[in-house]
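Worksheet: the structure to be examined is printed underneath.
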Amino acid sequence: MKKKSASLRRAKPLTDSEYLALSEFRYQLRKYLRYMEGHARAAGLQPQQYQLLLAIKGLPDGKLPTISILAERMQLNHNTMVELAERCEKRGLILRNRSDSDRRQVTLAITREGEVVLRQQASVSRKELRSIGPVLSESLQRLIEGNRRRK
């Protein structure tokens, strides 16, 4: 049997209140994600198509919307991201552009149709987060405060 890592051996057990907060946070987060996945499907999208549009639109300044960067942001492997980009391009949601200076570098850009889809989905997302956000925030705050009190 493998030895437990030193950090696991030193980790302080959670209190019942922290377990409750962690469970509630995970439940609310999963409920939100499931709601958004269902809403995307109802709009005729695969959930990851909306997530890609959001990842492109929400990139921090200075980051190019390349396959590699977007794969990292979405926590997908490179090949999966390439396939997702192809599906989105066929659907008319994005365009792929090759760099003039480095033909290997491809950036993704949202089309007008993609912007419409993104705006609709993001609006629903914001509304849902405003609804469940206080519970998510409270659960997270209890976990953070519980950690501070124990130090």
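Here, A, B, ... name the chains of the structure tokens in the order displayed, residue numbers run from 1 inside each chain, and ligands are numbered from 1 in the same displayed order.
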Write down as a count of residues only the residues of segment 34-121 of chain A whose backbone DSSP state falls under helix (DSSP H, G or I). 51
Close residues, Val117 of chain A itself excluded, 9 Å, only C-alpha atoms, min 6 positions apart in chain, as a PyMOL selection string: chain A and resi 43+50+53+93
C-alpha atoms of the current selection, written as an mmCIF file, in the first residue's frame:
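For reference, part.cif as written:
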data_model
loop_
_atom_site.group_PDB
_atom_site.id
_atom_site.type_symbol
_atom_site.label_atom_id
_atom_site.label_comp_id
_atom_site.auth_asym_id
_atom_site.auth_seq_id
_atom_site.Cartn_x
_atom_site.Cartn_y
_atom_site.Cartn_z
ATOM 1 C CA ALA A 43 -30.768 26.196 -27.142
ATOM 2 C CA TYR A 50 -20.993 27.838 -24.762
ATOM 3 C CA LEU A 53 -17.326 31.079 -26.297
ATOM 4 C CA LEU A 93 -19.932 30.269 -33.716
#
DSSP says strand (DSSP E) for which residues of chain A? Put them as JSON, numbers by chain? {"A": [94, 95, 96, 97, 98, 106, 107, 108, 109, 110]}
Rounded to one decimal in Å, what is the spacing between atom CA of Glu24 of chain A and atom CA of Ser139 of chain A?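 So the answer is 6.4 Å.
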Which residues, written as a list in words, have at least one atom at most 12 Å from Glu72 of chain A, with only C-alpha atoms counted and residues fewer than 3 positions away on the same chain left out? Leu52, Ala55, Ile56, Leu59, Lys63, Pro65, Thr66, Ile67, Ser68, Ile69, Gln75, Leu76, Asn77, His78, Asn79, Thr80 and Met81 of chain A
Given the choices A:Leu64, A:Ala85, A:Ala40, A:Leu20, which gets closest to Gln105 of chain A if the distance is worked out from only C-alpha atoms?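 Ranking A:Leu64, A:Ala85, A:Ala40, A:Leu20 by distance to Gln105 of chain A, first place goes to A:Leu64.
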